[in-house]
$ cat final29.txt   # compact mmCIF, C-alpha atoms and all ligand atoms
# COMPACT_ATOMS: atom_id res chain seq x y z
CA MET P 102 108.72 -57.38 18.91
CA SER P 103 111.02 -56.37 21.75
CA PHE P 104 113.88 -54.09 22.75
CA ALA P 105 117.36 -54.84 21.40
CA GLU P 106 118.70 -57.82 23.29
CA ASN P 107 121.55 -55.90 24.96
CA THR P 108 119.32 -52.99 26.09
CA MET P 109 119.99 -53.65 29.78
CA ALA P 110 123.45 -55.22 29.49
CA GLY P 111 125.78 -54.27 32.33
CA LYS P 112 122.94 -53.12 34.58
CA THR P 113 121.91 -54.54 37.94
CA ALA P 114 118.35 -54.53 39.24
CA LEU P 115 116.30 -55.45 42.28
CA VAL P 116 112.59 -56.17 41.85
CA THR P 117 110.68 -56.38 45.15
CA GLY P 118 107.86 -58.91 44.97
CA GLY P 119 109.59 -60.22 41.86
CA ALA P 120 108.66 -63.89 42.30
CA THR P 121 105.09 -63.62 41.02
CA GLY P 122 102.72 -61.68 38.78
CA ILE P 123 103.79 -58.35 37.33
CA GLY P 124 107.07 -58.47 39.25
CA ALA P 125 108.06 -61.76 37.63
CA ALA P 126 107.27 -60.39 34.16
CA ILE P 127 109.54 -57.41 34.89
CA VAL P 128 112.34 -59.72 36.09
CA ARG P 129 112.00 -61.87 32.98
CA LEU P 130 112.33 -58.95 30.57
CA LEU P 131 115.15 -57.19 32.45
CA GLY P 132 117.03 -60.50 32.53
CA LYS P 133 116.41 -61.34 28.89
CA LEU P 134 117.73 -57.91 27.93
CA GLY P 135 120.98 -58.50 29.79
CA ALA P 136 120.50 -57.13 33.33
CA ARG P 137 121.65 -59.05 36.41
CA VAL P 138 118.51 -59.27 38.54
CA ALA P 139 117.68 -59.98 42.18
CA ILE P 140 114.28 -60.55 43.76
CA THR P 141 113.04 -60.31 47.32
CA SER P 142 109.77 -61.13 49.05
CA ARG P 143 108.51 -62.69 52.25
CA LYS P 144 107.99 -66.26 51.07
CA GLU P 145 111.09 -68.32 50.38
CA GLU P 146 109.10 -71.05 48.60
CA ASN P 147 107.86 -68.50 46.02
CA LEU P 148 111.36 -67.09 45.57
CA LYS P 149 112.96 -70.51 45.10
CA ALA P 150 110.32 -71.67 42.62
CA ALA P 151 110.62 -68.44 40.65
CA VAL P 152 114.41 -68.57 40.44
CA GLN P 153 114.20 -72.15 39.20
CA GLU P 154 111.61 -71.19 36.57
CA PHE P 155 113.62 -68.15 35.41
CA ALA P 156 116.61 -70.46 34.94
CA GLU P 157 114.79 -73.32 33.23
CA LYS P 158 112.28 -71.48 31.06
CA ASP P 159 114.02 -68.20 30.37
CA GLY P 160 117.70 -69.04 30.78
CA ILE P 161 118.12 -66.23 33.30
CA ASP P 162 120.25 -66.46 36.43
CA VAL P 163 118.34 -64.55 39.15
CA ILE P 164 119.40 -64.29 42.78
CA TYR P 165 117.03 -63.99 45.74
CA ARG P 166 116.93 -62.94 49.38
CA VAL P 167 114.01 -63.33 51.76
CA GLY P 168 112.88 -59.92 53.03
CA ASP P 169 109.87 -57.98 54.24
CA VAL P 170 109.73 -54.44 52.88
CA ARG P 171 107.92 -53.35 56.09
CA ASP P 172 110.99 -54.09 58.17
CA ALA P 173 113.21 -51.04 57.58
CA ASP P 174 116.38 -52.43 59.15
CA GLY P 175 115.87 -55.92 57.73
CA ILE P 176 115.29 -54.73 54.16
CA LYS P 177 118.27 -52.37 54.44
CA ALA P 178 120.51 -55.36 55.18
CA VAL P 179 118.91 -57.38 52.38
CA ILE P 180 119.45 -54.61 49.82
CA ALA P 181 123.07 -54.09 50.90
CA ASP P 182 123.66 -57.84 50.60
CA ILE P 183 122.07 -57.97 47.14
CA ALA P 184 124.05 -54.96 45.93
CA THR P 185 127.25 -56.60 47.13
CA GLU P 186 126.47 -59.84 45.32
CA LEU P 187 125.39 -58.10 42.10
CA GLY P 188 128.36 -55.71 42.21
CA GLY P 189 126.18 -52.59 42.62
CA LEU P 190 122.58 -51.57 42.10
CA ASP P 191 121.44 -49.46 39.13
CA ILE P 192 117.70 -50.09 39.22
CA LEU P 193 115.18 -50.52 42.03
CA VAL P 194 111.68 -51.64 41.05
CA CYS P 195 109.28 -51.16 43.98
CA ASN P 196 106.64 -53.71 43.07
CA ALA P 197 105.83 -55.49 46.35
CA ALA P 198 102.24 -54.76 47.35
CA GLY P 199 99.38 -56.13 49.39
CA ASN P 200 95.70 -55.58 48.80
CA PHE P 201 92.24 -56.96 49.48
CA ILE P 202 88.69 -55.90 48.86
CA CYS P 203 86.92 -54.49 51.92
CA PRO P 204 84.29 -51.75 52.24
CA THR P 205 85.97 -48.89 54.10
CA GLU P 206 83.32 -48.72 56.82
CA GLU P 207 84.22 -52.32 57.75
CA LEU P 208 87.99 -52.01 57.41
CA SER P 209 89.89 -52.50 60.68
CA SER P 210 92.62 -50.05 61.58
CA ASN P 211 95.08 -52.94 61.36
CA GLY P 212 93.86 -53.79 57.85
CA TRP P 213 94.38 -50.17 56.79
CA ARG P 214 97.78 -50.02 58.48
CA THR P 215 98.94 -53.31 56.98
CA VAL P 216 98.43 -52.21 53.38
CA ILE P 217 99.87 -48.72 53.96
CA ASP P 218 102.83 -50.41 55.62
CA ILE P 219 103.56 -52.82 52.77
CA ASP P 220 102.89 -50.49 49.86
CA LEU P 221 103.83 -46.98 50.98
CA ASN P 222 106.17 -47.49 53.93
CA GLY P 223 107.77 -50.46 52.16
CA THR P 224 108.52 -48.32 49.11
CA PHE P 225 110.07 -45.62 51.28
CA ASN P 226 112.16 -48.21 53.14
CA CYS P 227 113.50 -49.71 49.91
CA CYS P 228 114.23 -46.37 48.24
CA GLN P 229 116.16 -45.06 51.21
CA ALA P 230 118.09 -48.32 51.63
CA ALA P 231 118.95 -48.46 47.92
CA LEU P 232 120.06 -44.82 47.62
CA PRO P 233 123.75 -45.29 48.54
CA PHE P 234 124.03 -47.84 45.71
CA LEU P 235 121.86 -45.95 43.21
CA LYS P 236 124.07 -42.90 43.71
CA LYS P 237 127.01 -44.89 42.38
CA ALA P 238 125.22 -46.12 39.23
CA THR P 239 127.41 -45.02 36.35
CA ARG P 240 124.51 -44.07 34.02
CA GLY P 241 122.23 -42.73 36.77
CA GLY P 242 120.25 -44.79 39.27
CA ARG P 243 116.61 -45.58 38.56
CA ILE P 244 113.63 -46.09 40.80
CA VAL P 245 110.43 -47.35 39.21
CA ALA P 246 107.42 -47.85 41.49
CA ILE P 247 104.42 -49.90 40.41
CA SER P 248 101.27 -47.93 41.19
CA THR P 249 97.71 -48.01 39.85
CA THR P 250 95.43 -45.62 37.97
CA HIS P 251 93.06 -45.93 40.96
CA ALA P 252 95.50 -43.74 42.87
CA ASP P 253 94.02 -40.76 41.00
CA SER P 254 90.39 -41.83 40.86
CA GLY P 255 90.01 -43.19 44.38
CA TRP P 256 89.51 -46.93 44.86
CA PRO P 257 86.15 -47.79 46.40
CA THR P 258 86.47 -50.97 48.54
CA ALA P 259 90.27 -50.77 48.32
CA ALA P 260 90.70 -47.28 49.78
CA HIS P 261 93.70 -48.51 51.78
CA ALA P 262 95.57 -49.51 48.58
CA GLY P 263 94.42 -46.45 46.64
CA ALA P 264 95.69 -44.13 49.38
CA ALA P 265 98.98 -46.01 49.64
CA LYS P 266 99.56 -45.83 45.89
CA ALA P 267 98.69 -42.12 45.80
CA GLY P 268 101.31 -41.69 48.52
CA ILE P 269 103.83 -43.62 46.46
CA GLN P 270 103.25 -41.36 43.48
CA ASN P 271 103.82 -38.27 45.59
CA LEU P 272 106.92 -39.88 47.10
CA MET P 273 108.35 -40.46 43.61
CA LYS P 274 107.87 -36.78 42.80
CA SER P 275 109.70 -35.77 45.99
CA LEU P 276 112.54 -38.21 45.34
CA SER P 277 112.93 -37.05 41.75
CA ALA P 278 113.37 -33.51 43.06
CA GLU P 279 115.65 -34.37 45.99
CA TRP P 280 117.76 -37.09 44.36
CA GLY P 281 118.13 -35.66 40.86
CA LYS P 282 121.40 -34.17 42.07
CA TYR P 283 122.65 -37.72 42.53
CA GLY P 284 121.60 -38.67 39.01
CA VAL P 285 118.74 -40.78 40.37
CA ARG P 286 115.48 -40.83 38.37
CA ALA P 287 112.24 -41.74 40.13
CA ASN P 288 109.11 -42.59 38.17
CA TRP P 289 106.07 -44.81 38.43
CA VAL P 290 104.12 -47.07 36.12
CA SER P 291 100.36 -47.26 36.61
CA PRO P 292 98.97 -50.53 35.27
CA GLY P 293 95.35 -51.23 34.56
CA PRO P 294 94.11 -54.78 35.20
CA ILE P 295 96.79 -57.27 34.17
CA GLU P 296 95.84 -60.83 33.29
CA GLY P 297 97.21 -63.69 35.34
CA THR P 298 98.05 -61.60 38.41
CA GLU P 299 96.82 -62.25 41.92
CA GLY P 300 95.23 -58.79 41.87
CA VAL P 301 93.03 -59.49 38.85
CA ASP P 302 92.32 -63.10 39.85
CA ARG P 303 91.29 -62.21 43.38
CA LEU P 304 89.91 -58.69 43.03
CA ILE P 305 88.15 -58.93 39.67
CA ILE P 306 87.64 -62.49 38.37
CA ALA P 307 86.82 -64.06 41.75
CA GLN P 308 84.28 -61.27 42.37
CA GLY P 309 82.56 -62.12 39.03
CA LYS P 310 83.47 -58.70 37.60
CA ALA P 311 85.54 -59.62 34.52
CA ALA P 312 82.93 -58.75 31.86
CA GLU P 313 81.97 -55.52 33.61
CA VAL P 314 85.62 -54.43 33.87
CA LEU P 315 86.42 -55.31 30.25
CA LYS P 316 83.56 -53.06 29.08
CA ARG P 317 85.46 -50.15 30.57
CA ILE P 318 88.66 -50.85 28.63
CA PRO P 319 88.49 -49.41 25.09
CA LEU P 320 91.28 -51.70 23.87
CA GLY P 321 89.05 -54.57 24.92
CA THR P 322 91.44 -56.86 26.81
CA PHE P 323 93.26 -57.10 30.12
CA GLY P 324 96.93 -56.13 29.89
CA GLN P 325 99.78 -58.62 30.01
CA GLY P 326 102.67 -58.61 32.46
CA GLU P 327 104.93 -57.93 29.51
CA ASP P 328 103.14 -54.63 28.83
CA ILE P 329 104.20 -53.40 32.26
CA ALA P 330 107.69 -54.85 31.88
CA ASN P 331 108.15 -52.92 28.62
CA ALA P 332 107.29 -49.67 30.40
CA VAL P 333 109.68 -50.44 33.27
CA VAL P 334 112.49 -51.27 30.84
CA PHE P 335 112.01 -47.98 28.99
CA LEU P 336 112.14 -45.97 32.23
CA SER P 337 115.16 -47.84 33.58
CA SER P 338 117.12 -47.99 30.33
CA ASP P 339 119.38 -45.31 28.86
CA MET P 340 116.46 -44.34 26.57
CA GLY P 341 114.57 -43.06 29.62
CA ALA P 342 117.47 -40.96 30.89
CA TYR P 343 115.66 -37.60 30.80
CA VAL P 344 112.39 -38.85 32.32
CA SER P 345 111.94 -38.33 36.06
CA GLY P 346 109.16 -37.55 38.52
CA THR P 347 106.39 -38.74 36.27
CA GLU P 348 103.83 -41.44 35.48
CA LEU P 349 103.58 -43.90 32.63
CA VAL P 350 100.02 -45.23 32.42
CA VAL P 351 99.65 -48.68 30.81
CA ASP P 352 95.94 -49.48 30.96
CA GLY P 353 94.39 -49.79 27.49
CA ALA P 354 92.73 -46.37 27.99
CA ALA P 355 90.56 -47.77 30.80
CA ARG P 356 87.85 -45.43 32.11
CA TRP P 357 86.48 -46.20 35.56
CA GLY P 358 84.44 -43.10 36.40
CA THR P 359 81.68 -42.89 33.78
C1 LIG N 1 89.19 -57.43 55.42
C2 LIG N 1 91.36 -58.08 55.83
C3 LIG N 1 91.36 -58.91 54.67
C4 LIG N 1 90.15 -58.95 53.88
C5 LIG N 1 93.30 -59.05 55.61
N1 LIG N 1 92.58 -58.20 56.36
N2 LIG N 1 92.59 -59.49 54.56
N3 LIG N 1 90.29 -57.35 56.20
N4 LIG N 1 89.10 -58.19 54.29
N5 LIG N 1 90.06 -59.71 52.80
C6 LIG N 1 92.98 -57.58 57.60
C7 LIG N 1 93.17 -58.63 58.68
O1 LIG N 1 91.94 -59.00 59.24
C8 LIG N 1 94.08 -57.91 59.64
O2 LIG N 1 93.36 -56.99 60.44
C9 LIG N 1 94.96 -57.08 58.74
O3 LIG N 1 94.25 -56.95 57.49
C10 LIG N 1 96.30 -57.75 58.48
O4 LIG N 1 96.04 -59.03 57.91
P1 LIG N 1 97.14 -60.19 57.93
O5 LIG N 1 96.60 -61.33 57.16
O6 LIG N 1 97.58 -60.42 59.35
O7 LIG N 1 98.35 -59.48 57.21
P2 LIG N 1 99.53 -60.11 56.38
O8 LIG N 1 99.72 -61.57 56.68
O9 LIG N 1 100.68 -59.20 56.57
O10 LIG N 1 98.99 -60.05 54.86
C11 LIG N 1 99.02 -58.89 54.13
C12 LIG N 1 97.81 -58.81 53.23
C13 LIG N 1 97.60 -60.09 52.42
C14 LIG N 1 97.93 -57.62 52.29
C15 LIG N 1 96.59 -58.61 54.14
O11 LIG N 1 96.42 -60.01 51.62
C16 LIG N 1 98.75 -60.44 51.51
O12 LIG N 1 99.84 -60.70 51.95
N6 LIG N 1 98.54 -60.48 50.22
C17 LIG N 1 99.54 -60.96 49.25
C18 LIG N 1 99.99 -59.90 48.38
C19 LIG N 1 98.86 -59.28 47.61
O13 LIG N 1 97.81 -58.94 48.14
N7 LIG N 1 99.08 -59.12 46.30
C20 LIG N 1 98.07 -58.55 45.47
C21 LIG N 1 98.38 -57.14 45.27
S1 LIG N 1 97.34 -56.59 44.01
P3 LIG N 1 92.81 -57.36 61.94
O14 LIG N 1 92.15 -56.11 62.38
O15 LIG N 1 91.89 -58.52 61.80
O16 LIG N 1 94.05 -57.67 62.75
C22 LIG N 1 97.48 -54.97 43.89
C23 LIG N 1 96.89 -54.36 42.63
C24 LIG N 1 95.61 -54.99 42.21
O17 LIG N 1 98.01 -54.34 44.70
C25 LIG N 1 95.09 -54.40 40.90
C26 LIG N 1 93.73 -54.95 40.53
C27 LIG N 1 93.02 -54.14 39.47
$ encode --input "final29.txt" --output "structure tokens"
Amino acid sequence: MSFAENTMAGKTALVTGGATGIGAAIVRLLGKLGARVAITSRKEENLKAAVQEFAEKDGIDVIYRVGDVRDADGIKAVIADIATELGGLDILVCNAAGNFICPTEELSSNGWRTVIDIDLNGTFNCCQAALPFLKKATRGGRIVAISTTHADSGWPTAAHAGAAKAGIQNLMKSLSAEWGKYGVRANWVSPGPIEGTEGVDRLIIAQGKAAEVLKRIPLGTFGQGEDIANAVVFLSSDMGAYVSGTELVVDGAARWGT
């Protein structure tokens, strides 16, 4: 079961952190549904391998540029370059993120700053750099940020990431209000734990917490990258045209608090 195969035909998209995990699943679905897609991240080896896999396994022609979302001027040049090569930019998916488990009383100020810088400042940098192109999108530009449900609940031992994601959510609300006049929609998807991602592998499975986490998910399984990709496609397609400034939670009804 999927969207009609031409759902994203004629659209151009950039997925930050699109070489791996949830980002790669988003790229795959956007591409399969007809969008021209670009990816950026820090590691060229990841980007190259991903582009090759998208071509060989999925039959999708994806372009890449090396970029660090923390570097405002650098990422501005990267986004302009990508938009030129794609012939515009309709959709920006702010997916690049960094995270690690660390009790807050032990967290160094540089550790805190690093995650805020990648997640929150990086999202701001990309949104601002993409705006001139999103403004020109014929059916309205789209920003979709990838957040987490822990942004609302607090995220013990990942307070840095929880705070950054909460900031991202608030930023999306501000952008939806300020940039609606340009036709730009800004929303966020909040995934629960998604199987096969670095986040779940490193933060849940490697900590021996898989069974405990699954008990808290009424639907009984981790999500799949495709579940998040479906949500992103809805928000960035013409079907999501009147949705802006809001959250789409995709977490199997997970309950962390009680
Ligand atoms: C404590 C740590 C640490 C750890 C890094 N730091 N890892 N502190 N515990 N495990 C501290 C370092 O000591 C340093 O502070 C500061 O953070 C910067 O670390 P660097 O390694 O120099 O930074 P950098 O190379 O830029 O790496 C960024 C990173 C890294 C975020 C720290 O983990 C990374 O690049 N990760 C890859 C992307 C990623 O994490 N993806 C998963 C996202 S999952 P000092 O003070 O020593 O200088 C996600 C959702 C998960 O977001 C959902 C699960 C349910």
$ closest_residue --input "final29.txt" --among "P:Lys266, P:Lys274, P:Lys316, P:Arg240" --to "ligand LIG 1 (chain N)" --atoms "all atoms listed in the file"
P:Lys266
$ residues_around --input "final29.txt" --residues "segment 318-335 of chain P" --least-positions-apart "5" --cutoff "7 Å" --atoms "all atoms listed in the file" --output "mmCIF file with C-alpha atoms, keeping the file's coordinate frame"
data_model
loop_
_atom_site.group_PDB
_atom_site.id
_atom_site.type_symbol
_atom_site.label_atom_id
_atom_site.label_comp_id
_atom_site.auth_asym_id
_atom_site.auth_seq_id
_atom_site.Cartn_x
_atom_site.Cartn_y
_atom_site.Cartn_z
ATOM 1 C CA ILE P 123 103.790 -58.350 37.330
ATOM 2 C CA ALA P 126 107.270 -60.390 34.160
ATOM 3 C CA ILE P 127 109.540 -57.410 34.890
ATOM 4 C CA LEU P 130 112.330 -58.950 30.570
ATOM 5 C CA LEU P 131 115.150 -57.190 32.450
ATOM 6 C CA VAL P 245 110.430 -47.350 39.210
ATOM 7 C CA PRO P 292 98.970 -50.530 35.270
ATOM 8 C CA GLY P 293 95.350 -51.230 34.560
ATOM 9 C CA PRO P 294 94.110 -54.780 35.200
ATOM 10 C CA ILE P 295 96.790 -57.270 34.170
ATOM 11 C CA GLU P 296 95.840 -60.830 33.290
ATOM 12 C CA MET P 340 116.460 -44.340 26.570
ATOM 13 C CA GLY P 341 114.570 -43.060 29.620
ATOM 14 C CA VAL P 351 99.650 -48.680 30.810
ATOM 15 C CA ASP P 352 95.940 -49.480 30.960
ATOM 16 C CA GLY P 353 94.390 -49.790 27.490
ATOM 17 C CA ALA P 354 92.730 -46.370 27.990
ATOM 18 C CA ALA P 355 90.560 -47.770 30.800
ATOM 19 C CA ARG P 356 87.850 -45.430 32.110
#
$ atom_distance --input "final29.txt" --atom1 "atom CA of Ile202 of chain P" --atom2 "atom C26 of ligand LIG 1 (chain N)"
9.8 Å
$ residues_around --input "final29.txt" --residues "Glu146 of chain P" --least-positions-apart "3" --cutoff "12 Å" --atoms "only C-alpha atoms" --output "PyMOL selection string"
chain P and resi 120-121+141-143+149-153+165-167
$ residues_near_ligand --input "final29.txt" --ligand "ligand LIG 1 (chain N)" --cutoff "6 Å" --atoms "all atoms listed in the file" --output "number ranges by chain"
P: 198-203, 208-209, 211-212, 215-216, 294, 299-301, 304
$ closest_residue --input "final29.txt" --among "P:Ala264, P:Cys228, P:Ala105, P:Ala287" --to "Ala342 of chain P" --atoms "all atoms listed in the file"
P:Ala287
$ atom_distance --input "final29.txt" --atom1 "atom CA of Lys112 of chain P" --atom2 "atom CA of Ala178 of chain P"
20.9 Å
$ closest_residue --input "final29.txt" --among "P:Ala230, P:Ile192, P:Leu349, P:Ala136" --to "Val170 of chain P" --atoms "all atoms listed in the file"
P:Ala230
$ atom_distance --input "final29.txt" --atom1 "atom CA of Thr108 of chain P" --atom2 "atom CA of Thr185 of chain P"
22.8 Å
$ residues_near_point --input "final29.txt" --point "(108.8, -40.5, 45.1)" --cutoff "12 Å" --atoms "all atoms listed in the file" --output "ChimeraX atom specification"
/P:195,221-222,224-229,243-248,266-281,285-289,345-348
$ write_last_selection --input "final29.txt" --atoms "C-alpha atoms" --output "PDB file, in the frame of the given file"
ATOM      1  CA  CYS P 195     109.280 -51.160  43.980  1.00  0.00           C
ATOM      2  CA  LEU P 221     103.830 -46.980  50.980  1.00  0.00           C
ATOM      3  CA  ASN P 222     106.170 -47.490  53.930  1.00  0.00           C
ATOM      4  CA  THR P 224     108.520 -48.320  49.110  1.00  0.00           C
ATOM      5  CA  PHE P 225     110.070 -45.620  51.280  1.00  0.00           C
ATOM      6  CA  ASN P 226     112.160 -48.210  53.140  1.00  0.00           C
ATOM      7  CA  CYS P 227     113.500 -49.710  49.910  1.00  0.00           C
ATOM      8  CA  CYS P 228     114.230 -46.370  48.240  1.00  0.00           C
ATOM      9  CA  GLN P 229     116.160 -45.060  51.210  1.00  0.00           C
ATOM     10  CA  ARG P 243     116.610 -45.580  38.560  1.00  0.00           C
ATOM     11  CA  ILE P 244     113.630 -46.090  40.800  1.00  0.00           C
ATOM     12  CA  VAL P 245     110.430 -47.350  39.210  1.00  0.00           C
ATOM     13  CA  ALA P 246     107.420 -47.850  41.490  1.00  0.00           C
ATOM     14  CA  ILE P 247     104.420 -49.900  40.410  1.00  0.00           C
ATOM     15  CA  SER P 248     101.270 -47.930  41.190  1.00  0.00           C
ATOM     16  CA  LYS P 266      99.560 -45.830  45.890  1.00  0.00           C
ATOM     17  CA  ALA P 267      98.690 -42.120  45.800  1.00  0.00           C
ATOM     18  CA  GLY P 268     101.310 -41.690  48.520  1.00  0.00           C
ATOM     19  CA  ILE P 269     103.830 -43.620  46.460  1.00  0.00           C
ATOM     20  CA  GLN P 270     103.250 -41.360  43.480  1.00  0.00           C
ATOM     21  CA  ASN P 271     103.820 -38.270  45.590  1.00  0.00           C
ATOM     22  CA  LEU P 272     106.920 -39.880  47.100  1.00  0.00           C
ATOM     23  CA  MET P 273     108.350 -40.460  43.610  1.00  0.00           C
ATOM     24  CA  LYS P 274     107.870 -36.780  42.800  1.00  0.00           C
ATOM     25  CA  SER P 275     109.700 -35.770  45.990  1.00  0.00           C
ATOM     26  CA  LEU P 276     112.540 -38.210  45.340  1.00  0.00           C
ATOM     27  CA  SER P 277     112.930 -37.050  41.750  1.00  0.00           C
ATOM     28  CA  ALA P 278     113.370 -33.510  43.060  1.00  0.00           C
ATOM     29  CA  GLU P 279     115.650 -34.370  45.990  1.00  0.00           C
ATOM     30  CA  TRP P 280     117.760 -37.090  44.360  1.00  0.00           C
ATOM     31  CA  GLY P 281     118.130 -35.660  40.860  1.00  0.00           C
ATOM     32  CA  VAL P 285     118.740 -40.780  40.370  1.00  0.00           C
ATOM     33  CA  ARG P 286     115.480 -40.830  38.370  1.00  0.00           C
ATOM     34  CA  ALA P 287     112.240 -41.740  40.130  1.00  0.00           C
ATOM     35  CA  ASN P 288     109.110 -42.590  38.170  1.00  0.00           C
ATOM     36  CA  TRP P 289     106.070 -44.810  38.430  1.00  0.00           C
ATOM     37  CA  SER P 345     111.940 -38.330  36.060  1.00  0.00           C
ATOM     38  CA  GLY P 346     109.160 -37.550  38.520  1.00  0.00           C
ATOM     39  CA  THR P 347     106.390 -38.740  36.270  1.00  0.00           C
ATOM     40  CA  GLU P 348     103.830 -41.440  35.480  1.00  0.00           C
TER      41      GLU P 348
END
$ residues_around --input "final29.txt" --residues "Ile140 of chain P" --least-positions-apart "3" --cutoff "6 Å" --atoms "only C-alpha atoms" --output "VMD selection string"
chain P and resid 115 to 117 119 165
$ residues_around --input "final29.txt" --residues "Ala238 of chain P" --least-positions-apart "3" --cutoff "10 Å" --atoms "only C-alpha atoms" --output "list of chain:residue names"
P:Lys112, P:Thr113, P:Gly189, P:Leu190, P:Asp191, P:Ile192, P:Leu232, P:Pro233, P:Phe234, P:Leu235, P:Gly241, P:Gly242, P:Arg243, P:Tyr283, P:Gly284, P:Val285
$ closest_residue --input "final29.txt" --among "P:Gly124, P:Pro204, P:Gly135, P:Gly223" --to "Asp172 of chain P" --atoms "only C-alpha atoms"
P:Gly223
